[in-house]
Amino acid sequence: MKPTVAIVGRPNVGKSTLMNRISGRRVAIVDDMPGVTRDRLYADCEWCGKSFTLVDTGGIDDGDDDISRSVKRQAFDAVELCDAVVFVTDLKQGVLSGDREIAEILRKSKKPVVLTVNKCDAASPELVYDFYSLGLGEPMPISAEHGRGVGDVLDEVCANFAAVTDENPDALKIAIVGKPNVGKSSLVNKLVGYERTIVSDVAGTTRDAVDTPIELFGNDYILIDTAGMRRKRDVEPNSIERYSVIRTISAIKRADVVLIMLDASCAVTEQDEKIAGLVHEEGKPSVFVLNKWDAVEKDAYTLNDKTDELKERFAFMSYFASIAVSAKTGLRLEKLFGEVRRVWENANRRIPTGLLNEIVGQAVAMTEPTARKGRRAKILYASQPSVCPPLFVFKVNDEKLVHFSYERYLENSLRKAADFSGTPVRLKFVGRSE
């Protein structure tokens with residue numbers, strides 16, 4: 001997951017100017033009038049090969065009106081969920097009481113803070129020393145408008161979150177996603193043996209994506225417990241929950257395997273389908289986890305009926321793998337992680353080029369591509385250049401002649417020849433001219 005960096009400070013100190021300077025484009029509106037930025041703004045940025053998400057927040061002031069309180073709450077929510085903070089102050093205005101209030105809150109947050117003193121092109125640089133009084137380490141003089149000192153700030157920022165991105169690179173990262181209150185945090189707590197994350201019947205207790213390194217059944221894992229994802233219309237535009245959803249999507253992107261948690265005692269919903277769709281689009285191997293199986297009234301056909309429901313509702317993921325568990329009692333948790341290892345191995349499976357072309361040749365011999373406008377697609381050869389997800393490239397005479405139904409037929413042929421259950425498979429057709 002990309003680290004997140006929040007820019008905070010009083011109104012009109014140059015936060016939005018710094019945001020635009022770092023992102024390289026006009027993401028935030030810049031104006032001499034204080035309070036122009038009210039909502040959090042986001043931009044994906046990169047510095048010296050390190051990628052991160054930059055968040056510009058509204059100015060924090062002493063106002064007591066509804067807008068000021070909302071802006072202040074959003075800014076501190078961003079601090080709570082970020083990996084590093086850039087605190088922007090103004091050299092011309094000096095150290096004000098508002099700066100001291102923000103500095104006190106940042107110290108309590110325990111987050112890495114880079115203290116910057118902006119507008120150093122228009123005042124005496126020796127005034128920078130006054131900002132040591134904030135107790136946040138060495139103040140870094142910059143000019144966001146002209147770009148002076150911004151590179152040094154980014155060096156310092158990247159050094160602060162390097163430990164987050166490089167921790168335990170060999171452990172398998174498992175993101176646990178799903179709707180609120182399906183048992184994601186309960187699963188983490190059962191596996192680690194203590195209350196690592198807060199569990200409550202109130203939906204939305206977990207806000208951030210929480211990483212938990214753990215050794216299970218002889219293997220190293222990093223469990224990523226994420227916030228429950230509600231329907232978009234149920235999420236307030238300016239709430240902390242919207243930010244939590246962004247972190248959940250980022251957790252899916254950086255995960256090796258995704259556990260899609262479903263409440264086995266309830267029917268599959270449209271939101272379950274949307275969450276699974278996000279995992280599918282990212283090309284991640286996954287396992288549907290039917291949780292709360294202990295609370296389901298069962299007979300000899302219950303599991304088959306539930307599997308049939310999954311096949312119907314998740315037809316776009318016909319390759320899915322599933323298992324029924326109970327995070328509360330620990331039912332089948334060892335088998336769950338056996339399934340995790342299996343789908344991960346399937347996502348890394350390679351078919352040798354010779355065998356692959358033999359499989360494709362047999363498939364074509366059984367069913368040739370249909371002719372389109374008097375022309376028929378001809379597959380010259382196939383190769384597998386990458387895994388996770390497995391990618392198969394087919395060299396053809398004309399890629400436009402390959403119908404999507406024949407593409408699906410070739411994928412099914414590959415799945416019959418090798419075990420790719422639990423992982424999507426990508427097919428690409430390349431014409432002679434490419």
# chains A, B, ... in the order shown; residues from 1 in each chain; ligands from 1

call {"tool": "select_by_dssp", "arguments": {"residues": "segment 184-355 of chain A", "states": "helix (DSSP H, G or I)", "output": "ChimeraX atom specification"}}
result
/A:184-192,232-234,240-254,270-281,293-295,302-313,315-317,333-347,353-355

call {"tool": "atom_distance", "arguments": {"atom1": "atom CA of Arg415 of chain A", "atom2": "atom CA of Leu290 of chain A"}}
result
24.2 Å

call {"tool": "closest_residue", "arguments": {"among": "A:Lys373, A:Ala417, A:Ala300, A:Asp77", "to": "Asn357 of chain A", "atoms": "only C-alpha atoms"}}
result
A:Ala417

call {"tool": "closest_residue", "arguments": {"among": "A:Lys184, A:Arg107, A:Lys92, A:Arg21", "to": "Ala144 of chain A", "atoms": "only C-alpha atoms"}}
result
A:Arg21

call {"tool": "residues_around", "arguments": {"residues": "Lys284 of chain A", "least_positions_apart": "2", "cutoff": "8 Å", "atoms": "only C-alpha atoms", "output": "number ranges by chain"}}
result
A: 252, 255-258, 279-282, 286, 388-389, 423-424

call {"tool": "write_last_selection", "arguments": {"atoms": "N, CA, C and O atoms", "output": "short mmCIF file (atom, residue, chain, number, x, y, z; two decimals), in the first residue's frame"}}
result
data_model
loop_
_atom_site.label_atom_id
_atom_site.label_comp_id
_atom_site.auth_asym_id
_atom_site.auth_seq_id
_atom_site.Cartn_x
_atom_site.Cartn_y
_atom_site.Cartn_z
N ILE A 252 -6.12 -3.66 -0.80
CA ILE A 252 -6.34 -4.69 -1.82
C ILE A 252 -5.20 -4.65 -2.84
O ILE A 252 -4.68 -5.69 -3.25
N ALA A 255 -1.99 -6.26 -1.40
CA ALA A 255 -2.10 -7.61 -0.85
C ALA A 255 -1.63 -8.65 -1.86
O ALA A 255 -1.70 -8.45 -3.07
N ASP A 256 -1.14 -9.78 -1.35
CA ASP A 256 -0.82 -10.93 -2.19
C ASP A 256 -2.06 -11.80 -2.40
O ASP A 256 -2.30 -12.30 -3.50
N VAL A 257 -2.83 -11.99 -1.33
CA VAL A 257 -4.08 -12.76 -1.38
C VAL A 257 -5.14 -11.97 -0.62
O VAL A 257 -4.83 -11.32 0.38
N VAL A 258 -6.38 -12.03 -1.10
CA VAL A 258 -7.47 -11.30 -0.45
C VAL A 258 -8.51 -12.30 0.06
O VAL A 258 -8.94 -13.19 -0.68
N VAL A 279 -11.69 -6.73 -6.12
CA VAL A 279 -10.61 -7.71 -6.01
C VAL A 279 -10.31 -8.33 -7.38
O VAL A 279 -9.15 -8.49 -7.77
N HIS A 280 -11.37 -8.66 -8.11
CA HIS A 280 -11.21 -9.26 -9.44
C HIS A 280 -10.50 -8.31 -10.39
O HIS A 280 -9.59 -8.72 -11.13
N GLU A 281 -10.89 -7.04 -10.39
CA GLU A 281 -10.29 -6.06 -11.30
C GLU A 281 -8.81 -5.84 -10.99
O GLU A 281 -8.03 -5.54 -11.90
N GLU A 282 -8.42 -5.99 -9.73
CA GLU A 282 -7.02 -5.83 -9.37
C GLU A 282 -6.21 -7.08 -9.69
O GLU A 282 -4.98 -7.09 -9.53
N SER A 286 -7.92 -14.88 -4.51
CA SER A 286 -8.82 -14.61 -3.39
C SER A 286 -9.52 -15.88 -2.94
O SER A 286 -9.55 -16.89 -3.65
N CYS A 388 0.71 -13.77 -11.38
CA CYS A 388 0.09 -12.89 -10.36
C CYS A 388 -0.53 -11.62 -10.95
O CYS A 388 -0.08 -10.53 -10.65
N PRO A 389 -1.57 -11.72 -11.74
CA PRO A 389 -2.21 -12.96 -12.18
C PRO A 389 -1.51 -13.54 -13.41
O PRO A 389 -0.78 -12.82 -14.11
N THR A 423 -7.75 -17.72 -8.71
CA THR A 423 -7.00 -16.60 -9.27
C THR A 423 -7.55 -16.24 -10.64
O THR A 423 -7.91 -17.13 -11.43
N PRO A 424 -7.66 -14.95 -10.96
CA PRO A 424 -8.05 -14.58 -12.32
C PRO A 424 -6.93 -14.91 -13.30
O PRO A 424 -5.77 -15.06 -12.90
#

call {"tool": "residues_around", "arguments": {"residues": "Lys119 of chain A", "least_positions_apart": "5", "cutoff": "9 Å", "atoms": "only C-alpha atoms", "output": "number ranges by chain"}}
result
A: 13-14, 89-92, 141-145

call {"tool": "write_last_selection", "arguments": {"atoms": "C-alpha atoms", "output": "compact mmCIF listing (two decimals), in the first residue's frame"}}
result
# COMPACT_ATOMS: atom_id res chain seq x y z
CA VAL A 13 0.20 29.33 5.13
CA GLY A 14 0.70 27.75 1.69
CA THR A 89 3.95 27.25 9.08
CA ASP A 90 4.43 30.82 7.83
CA LEU A 91 7.72 32.67 8.37
CA LYS A 92 6.15 36.11 7.81
CA PRO A 141 12.85 26.56 5.45
CA ILE A 142 11.03 26.32 2.11
CA SER A 143 9.31 28.37 -0.56
CA ALA A 144 6.36 26.35 -1.86
CA GLU A 145 5.70 28.95 -4.55

call {"tool": "residues_around", "arguments": {"residues": "segment 353-356 of chain A", "least_positions_apart": "6", "cutoff": "8 Å", "atoms": "only C-alpha atoms", "output": "NGL selection string"}}
result
:A and (382-384)

call {"tool": "write_last_selection", "arguments": {"atoms": "C-alpha atoms", "output": "mmCIF file, in the first residue's frame"}}
result
data_model
loop_
_atom_site.group_PDB
_atom_site.id
_atom_site.type_symbol
_atom_site.label_atom_id
_atom_site.label_comp_id
_atom_site.auth_asym_id
_atom_site.auth_seq_id
_atom_site.Cartn_x
_atom_site.Cartn_y
_atom_site.Cartn_z
ATOM 1 C CA ALA A 382 1.176 -18.608 -27.231
ATOM 2 C CA SER A 383 3.416 -17.659 -24.304
ATOM 3 C CA GLN A 384 3.100 -16.802 -20.615
#

call {"tool": "residues_around", "arguments": {"residues": "segment 332-348 of chain A", "least_positions_apart": "2", "cutoff": "9 Å", "atoms": "only C-alpha atoms", "output": "MDAnalysis selection string"}}
result
chainID A and resid 174 187 191 216:217 256:259 284:287 289 321:327 330 350 386:390 418:425

call {"tool": "write_last_selection", "arguments": {"atoms": "N, CA and C atoms", "output": "short mmCIF file (atom, residue, chain, number, x, y, z; two decimals), in the first residue's frame"}}
result
data_model
loop_
_atom_site.label_atom_id
_atom_site.label_comp_id
_atom_site.auth_asym_id
_atom_site.auth_seq_id
_atom_site.Cartn_x
_atom_site.Cartn_y
_atom_site.Cartn_z
N ILE A 174 -2.02 -10.66 3.43
CA ILE A 174 -3.40 -11.10 3.26
C ILE A 174 -4.34 -9.98 3.69
N LEU A 187 -11.84 -12.37 13.10
CA LEU A 187 -10.93 -13.35 12.51
C LEU A 187 -9.49 -13.04 12.88
N LEU A 191 -6.96 -15.35 15.32
CA LEU A 191 -5.69 -15.88 14.81
C LEU A 191 -4.50 -15.46 15.67
N LEU A 216 1.76 -18.41 11.28
CA LEU A 216 0.66 -19.36 11.41
C LEU A 216 1.00 -20.63 10.65
N PHE A 217 0.89 -21.76 11.34
CA PHE A 217 1.05 -23.07 10.70
C PHE A 217 2.36 -23.16 9.92
N ASP A 256 -1.14 -9.78 -1.35
CA ASP A 256 -0.82 -10.93 -2.19
C ASP A 256 -2.06 -11.80 -2.40
N VAL A 257 -2.83 -11.99 -1.33
CA VAL A 257 -4.08 -12.76 -1.38
C VAL A 257 -5.14 -11.97 -0.62
N VAL A 258 -6.38 -12.03 -1.10
CA VAL A 258 -7.47 -11.30 -0.45
C VAL A 258 -8.51 -12.30 0.06
N LEU A 259 -8.88 -12.15 1.32
CA LEU A 259 -9.99 -12.91 1.90
C LEU A 259 -11.24 -12.04 1.82
N LYS A 284 -6.22 -10.05 -8.16
CA LYS A 284 -5.69 -10.68 -6.96
C LYS A 284 -6.28 -12.08 -6.75
N PRO A 285 -5.47 -13.05 -6.36
CA PRO A 285 -6.03 -14.33 -5.93
C PRO A 285 -6.85 -14.12 -4.66
N SER A 286 -7.92 -14.88 -4.51
CA SER A 286 -8.82 -14.61 -3.39
C SER A 286 -9.52 -15.88 -2.94
N VAL A 287 -10.08 -15.80 -1.73
CA VAL A 287 -10.88 -16.88 -1.17
C VAL A 287 -12.12 -16.26 -0.55
N VAL A 289 -14.70 -16.31 2.17
CA VAL A 289 -14.75 -16.87 3.51
C VAL A 289 -16.17 -16.74 4.04
N ALA A 321 -12.65 -19.65 -5.13
CA ALA A 321 -12.46 -20.69 -4.12
C ALA A 321 -13.19 -20.22 -2.86
N SER A 322 -13.77 -21.15 -2.11
CA SER A 322 -14.53 -20.76 -0.93
C SER A 322 -14.35 -21.78 0.18
N ILE A 323 -14.60 -21.31 1.41
CA ILE A 323 -14.52 -22.18 2.58
C ILE A 323 -15.42 -21.60 3.67
N ALA A 324 -16.11 -22.47 4.41
CA ALA A 324 -16.98 -22.06 5.50
C ALA A 324 -16.21 -22.15 6.82
N VAL A 325 -16.21 -21.06 7.59
CA VAL A 325 -15.45 -21.02 8.84
C VAL A 325 -16.27 -20.33 9.93
N SER A 326 -15.71 -20.33 11.12
CA SER A 326 -16.26 -19.54 12.21
C SER A 326 -15.10 -18.84 12.91
N ALA A 327 -15.04 -17.51 12.76
CA ALA A 327 -13.98 -16.75 13.44
C ALA A 327 -14.17 -16.80 14.95
N GLY A 330 -13.17 -20.71 15.78
CA GLY A 330 -11.93 -21.20 15.17
C GLY A 330 -12.14 -22.33 14.19
N ARG A 350 3.19 -21.35 -13.64
CA ARG A 350 3.64 -21.12 -15.02
C ARG A 350 3.48 -22.42 -15.82
N SER A 386 4.11 -13.56 -17.64
CA SER A 386 4.10 -13.13 -16.23
C SER A 386 3.07 -13.92 -15.44
N VAL A 387 3.15 -13.75 -14.11
CA VAL A 387 2.21 -14.40 -13.18
C VAL A 387 1.65 -13.34 -12.23
N CYS A 388 0.71 -13.77 -11.38
CA CYS A 388 0.09 -12.89 -10.36
C CYS A 388 -0.53 -11.62 -10.95
N PRO A 389 -1.57 -11.72 -11.74
CA PRO A 389 -2.21 -12.96 -12.18
C PRO A 389 -1.51 -13.54 -13.41
N PRO A 390 -1.70 -14.84 -13.69
CA PRO A 390 -1.11 -15.43 -14.89
C PRO A 390 -1.58 -14.71 -16.15
N ALA A 418 -4.67 -26.89 -16.23
CA ALA A 418 -3.87 -26.55 -15.04
C ALA A 418 -4.78 -25.95 -13.99
N ASP A 419 -4.39 -26.06 -12.73
CA ASP A 419 -5.21 -25.56 -11.62
C ASP A 419 -4.98 -24.07 -11.43
N PHE A 420 -5.94 -23.26 -11.88
CA PHE A 420 -5.90 -21.82 -11.67
C PHE A 420 -7.08 -21.38 -10.81
N SER A 421 -7.62 -22.28 -10.00
CA SER A 421 -8.75 -21.91 -9.15
C SER A 421 -8.30 -20.87 -8.13
N GLY A 422 -9.19 -19.92 -7.86
CA GLY A 422 -8.90 -18.88 -6.88
C GLY A 422 -8.16 -17.68 -7.43
N THR A 423 -7.75 -17.72 -8.71
CA THR A 423 -7.00 -16.60 -9.27
C THR A 423 -7.55 -16.24 -10.64
N PRO A 424 -7.66 -14.95 -10.96
CA PRO A 424 -8.05 -14.58 -12.32
C PRO A 424 -6.93 -14.91 -13.30
N VAL A 425 -7.28 -15.05 -14.55
CA VAL A 425 -6.32 -15.31 -15.63
C VAL A 425 -6.53 -14.24 -16.70
#

call {"tool": "residues_around", "arguments": {"residues": "segment 108-118 of chain A", "least_positions_apart": "6", "cutoff": "10 Å", "atoms": "only C-alpha atoms", "output": "PyMOL selection string"}}
result
chain A and resi 5-7+9+13-15+18+76+79-92+94-95+125+127-129+131-132+134-145+148-150+153-154+156-157+159-161

call {"tool": "atom_distance", "arguments": {"atom1": "atom CA of Glu358 of chain A", "atom2": "atom CA of Gly431 of chain A"}}
result
20.3 Å

call {"tool": "select_by_dssp", "arguments": {"residues": "segment 72-142 of chain A", "states": "strand (DSSP E)", "output": "JSON, numbers by chain"}}
result
{"A": [84, 85, 86, 87, 88, 89, 90, 113, 114, 115, 116, 117, 118, 140, 141]}

call {"tool": "write_last_selection", "arguments": {"atoms": "N, CA, C and O atoms", "output": "CSV table (one decimal), in the first residue's frame"}}
result
chain,number,residue,atom,x,y,z
A,84,ALA,N,2.7,9.8,7.7
A,84,ALA,CA,3.6,10.9,8.0
A,84,ALA,C,2.9,12.2,7.8
A,84,ALA,O,1.9,12.3,7.1
A,85,VAL,N,3.4,13.3,8.5
A,85,VAL,CA,2.7,14.6,8.5
A,85,VAL,C,3.7,15.7,8.0
A,85,VAL,O,4.9,15.7,8.5
A,86,VAL,N,3.3,16.5,7.1
A,86,VAL,CA,4.1,17.8,6.8
A,86,VAL,C,3.3,18.9,7.5
A,86,VAL,O,2.2,19.2,7.1
A,87,PHE,N,3.9,19.5,8.5
A,87,PHE,CA,3.3,20.6,9.2
A,87,PHE,C,3.8,21.9,8.6
A,87,PHE,O,5.0,22.2,8.6
A,88,VAL,N,3.0,22.7,8.0
A,88,VAL,CA,3.4,24.0,7.3
A,88,VAL,C,3.1,25.2,8.2
A,88,VAL,O,2.0,25.4,8.6
A,89,THR,N,4.1,26.0,8.4
A,89,THR,CA,3.9,27.2,9.1
A,89,THR,C,4.4,28.4,8.2
A,89,THR,O,4.9,28.2,7.1
A,90,ASP,N,4.2,29.6,8.7
A,90,ASP,CA,4.4,30.8,7.8
A,90,ASP,C,5.5,31.7,8.5
A,90,ASP,O,5.3,32.2,9.6
A,113,VAL,N,6.7,13.7,12.0
A,113,VAL,CA,6.3,15.1,11.6
A,113,VAL,C,7.5,15.8,11.0
A,113,VAL,O,8.5,15.8,11.6
A,114,VAL,N,7.3,16.3,9.8
A,114,VAL,CA,8.3,17.2,9.2
A,114,VAL,C,7.8,18.6,9.3
A,114,VAL,O,6.8,19.0,8.6
A,115,LEU,N,8.5,19.4,10.1
A,115,LEU,CA,8.1,20.8,10.3
A,115,LEU,C,8.7,21.7,9.2
A,115,LEU,O,9.9,21.7,9.0
A,116,THR,N,7.9,22.4,8.4
A,116,THR,CA,8.3,23.3,7.4
A,116,THR,C,7.9,24.7,7.7
A,116,THR,O,6.9,25.0,8.2
A,117,VAL,N,8.8,25.6,7.3
A,117,VAL,CA,8.6,27.1,7.5
A,117,VAL,C,8.5,27.7,6.1
A,117,VAL,O,9.5,27.8,5.4
A,118,ASN,N,7.3,28.0,5.6
A,118,ASN,CA,7.1,28.4,4.3
A,118,ASN,C,7.3,29.9,4.1
A,118,ASN,O,7.4,30.7,5.1
A,140,MET,N,12.4,23.2,8.7
A,140,MET,CA,13.0,23.2,7.4
A,140,MET,C,12.4,24.4,6.6
A,140,MET,O,11.2,24.5,6.2
A,141,PRO,N,13.3,25.4,6.2
A,141,PRO,CA,12.8,26.6,5.4
A,141,PRO,C,12.5,26.2,4.0
A,141,PRO,O,13.3,25.5,3.4

call {"tool": "atom_distance", "arguments": {"atom1": "atom CA of Asp44 of chain A", "atom2": "atom CA of Asp121 of chain A"}}
result
27.5 Å

call {"tool": "closest_residue", "arguments": {"among": "A:Asp305, A:Asp152, A:Glu407, A:Asp225", "to": "Asn189 of chain A", "atoms": "only C-alpha atoms"}}
result
A:Asp225
